[in-house]
Every structure is written in C-alpha cells, then in structure tokens.
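> The structure that follows is given in the form of structure tokens.
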Amino acid sequence: MLKFFRKNRQRLLSENKPSSPAGKLGKYLLYALGEIFLIVIGILIAVQINNWNETRKKELQRKIYEVGLISELENDTAHLKNLDSRNIIKKNSIKNYLDYYTSEKPDLDILHHKLDSVISTKIAFYTSAYTIDDLITTGNLSLFSKQKKACILKLKNTHDRYVFYETQTIQDVALYEQEIKKNFDLLYLKGLSDKEHQDTKDWKQDLNSNQYRILNNSLVESLKLFEFQSDMYEDILEVTSELLSLLSEDTKANKQYAQ
C-alpha cells in the first residue's frame with residue numbers, strides 16, 4: 001500500500017515539473033513531507049499489527065489457562081463431594097457408638113460391635129487447582145477479567161485458610177491418638193507377643209476404664225474434625241462452583257462463536 005502511494009505521488013510530481021528554482025524547492029519539500037507522512041503511516045500500521053498479534057497471543061494463553069483450570073476445578077468438585085460422602089459415614093459411625101455408650105445400660109457385646117464399626121480415618125483435602133499458583137507466581141492472573149481475577153483469589157484464600165486450620169486440627173487429634181497407644185499393649189495388639197499386660201487386658205469389660213475415657217476423647221475430637229471438614233467442603237465447593245460458572249460461561253460463548 002505504501003509503495004502504491006509513493007509511486008502515485010512520484011507520478012504526480014513528474015507530471016507537474018516546476019520551471020523556477022522556487023518551484024523545484026517546493027517540489028522537493030512536498031516530496032520530503034510525503035516521505036515523512038508515509039513513514040509515519042507505516043510505523044502506525046506496524047504498531048497496530050504488533051498490538052493485534054500480542055492481544056491475540058494473550059487471548060490464546062488465557063483460553064489455555066481457562067481450559068486447564070476448569071478441568072482442575074471439576075476434579076476438585078468430584079473429590080470434595082466424595083470426601084463429604086465418606087465424612088458423613090464416619091460421623092454417623094462415631095455418633096452411633098457414642099450415643100449407645102452414653103445410654104443408660106449399654107450391652108457390652110453391642111457396644112463392642114459398634115466400636116469395631118467406627119471409622120475415624122483422617123484424610124486431608126489437597127486441591128488439584130495448581131493453575132492458580134502458576135497464574136499468581138507468573139503474573140498471568142492479569143490476563144483475566146476483574147471479576148474472574150477476584151473469584152480466583154477468593155478461592156485461593158479459601159484454600160489457604162482451610163488448609164492451615166485442617167492441618168492444625170488433624171495434629172491436635174493425633175495427640176489424643178498418641179495417648180491411646182500409650183495406654184494399650186501394642187506388642188500384643190500387633191501380634192508380636194502372646195503376653196498382654198494385665199492393666200490393658202480386660203479394659204473392654206469395664207466402662208470406667210482409662211482406655212475407654214481416652215478412646216472416647218479421641219473420638220469426640222475426631223468428630224469435631226469431621227464436622228469442621230464438612231463445613232470446609234461446603235465453603236470450598238461454593239467458591240469453586242462460582243468460579244467454574246464464570247469460566248464455563250466464557251468457554252461456551254467461545255464455542256458458539258466458533259460454530
């Protein structure tokens with residue numbers, strides 16, 4: 001395009017050749033101004049093309065991030081729902097035992113059966129949304145809109161806050177479980193010896209035994225942990241769902257536009 005303007009300008013100048021020196025000077029000044037104009041236009045076009053390319057690259061990078069983040073958040077959602085379902089079973093097993101233990105005259109055989117049915121395995125939640133950390137550390141969070149950026153940071157803060165409290169609570173419960181080990185004969189329980197210390201031998205037959213007290217304390221703390229985790233799962237799921245909704249709407253819009 002610039003070549004076209006330049007050739008056209010040169011043709012017009014050659015068709016209107018000035019006869020005087022002043023006319024020649026005006027001719028060359030006009031030519032110089034035309035050259036400057038063409039150079040400026042060329043630079044502006046080049047800058048515009050470069051800006052367009054950079055914008056297109058950033059948009060492509062953002063879409064790649066969104067696809068990865070959506071997949072990770074969907075994994076988190078499925079994982080959290082699974083953990084919550086298992087937590088319900090754990091809480092019910094503990095409550096079932098504790099309710100029967102605190103009843104007026106519990107039958108020991110039934111109590112032992114309920115105790116054997118207790119599930120108190122501790123599982124911590126770890127997010128799969130590693131893309132969030134990458135966005136923050138690389139500064140690429142700026143690729144997202146203000147609304148999406150705020151939602152991503154909200155989820156990040158929710159994760160960090162709960163991870164701290166969950167870890168601390170699990171450590172507190174572990175202290176009670178250490179007390180259990182101190183009050184039982186692990187050598188016998190692990191099948192490493194046929195002998196069992198007398199003070200641990202018949203504890204199940206005495207509801208006032210020290211072992212029942214420590215075991216029940218541990219189960220109460222485990223129940224508090226599971227209840228806290230259930231609340232935690234609910235909060236994380238809510239923010240995760242909010243972010244997924246924002247990202248999915250944009251992805252669906254892009255697919256419809258492409259079609």
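Residues in the structure tokens are named by chain (A, B, ... in the order shown) and by number from 1 within that chain; ligands are numbered from 1 in the order shown.
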DSSP on the backbone, then: every residue of segment 77-214 of chain A marked alpha helix (DSSP H), written as a VMD selection string.
chain A and resid 77 to 101 108 to 116 130 to 138 146 to 182 186 to 189 198 to 201 210 to 214
> With a distance cut-off of 8 Å and only C-alpha atoms, select the neighbouring residues of Leu247 of chain A, excluding the residue or stretch itself and same-chain residues fewer than 4 positions from it, and output the selection as a list of chain:residue names.
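Everything that qualifies: A:Glu66, A:Ile70, A:Lys148, A:Leu243, A:Thr251.
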> Set out as JSON lines a contact list for segment 171-201 of chain A and segment 119-133 of chain A with a cut-off of 12 Å, giving each residue of segment 171-201 of chain A that qualifies its closest atom pair and distance in Å to one decimal, counting only C-alpha atoms, ordered by chain and rising residue number.

```
{"residue": "A:Gln171", "atom": "CA", "partner": "A:Lys122", "partner_atom": "CA", "distance": 10.3}
{"residue": "A:Asp172", "atom": "CA", "partner": "A:Lys122", "partner_atom": "CA", "distance": 11.8}
{"residue": "A:Val173", "atom": "CA", "partner": "A:Lys122", "partner_atom": "CA", "distance": 9.3}
{"residue": "A:Ala174", "atom": "CA", "partner": "A:Lys122", "partner_atom": "CA", "distance": 9.5}
{"residue": "A:Glu177", "atom": "CA", "partner": "A:Ser120", "partner_atom": "CA", "distance": 10.8}
```
> Taking into account only C-alpha atoms, which residue in the set A:Val118, A:Leu153, A:Ile236, A:Leu111 is nearest to Asp76 of chain A?
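Closest to Asp76 of chain A of all the choices is A:Ile236.
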> With only C-alpha atoms as the counted atoms, please give the residues lying no more than 7 Å from Leu155 of chain A, apart from itself and same-chain residues fewer than 4 positions off, as a PyMOL selection string.
chain A and resi 151+159+239-240
> Taking only C-alpha atoms into account, name the residue in A:Leu207, A:Leu215, A:Ser142, A:Ser93 that is nearest to Lys58 of chain A.
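Under the stated criterion, the closest residue is A:Ser142.
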> Could you check the closest approach to Asn210 of chain A for each of A:Lys182, A:His113, A:Lys146, A:Lys195 and tell me which residue wins, using only C-alpha atoms?
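Of A:Lys182, A:His113, A:Lys146, A:Lys195, the one nearest Asn210 of chain A, counting only C-alpha atoms, is A:Lys182.
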> Between atom CA of Lys81 of chain A and atom CA of Glu234 of chain A, what is the distance in Å, rounded to a tenth?
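These two atoms are separated by 9.0 Å.
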> Between A:Leu186, A:Tyr97, A:Leu135, A:Ser248, which has the minimum distance to Tyr212 of chain A (counting only C-alpha atoms)?
A:Tyr97
> Select, from A:Ile36, A:Asp160, A:Thr102, A:Phe184, the residue with the minimum atom-to-atom distance to Glu196 of chain A, counting only C-alpha atoms.
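Going through A:Ile36, A:Asp160, A:Thr102, A:Phe184 one by one, the smallest distance to Glu196 of chain A is for A:Phe184.
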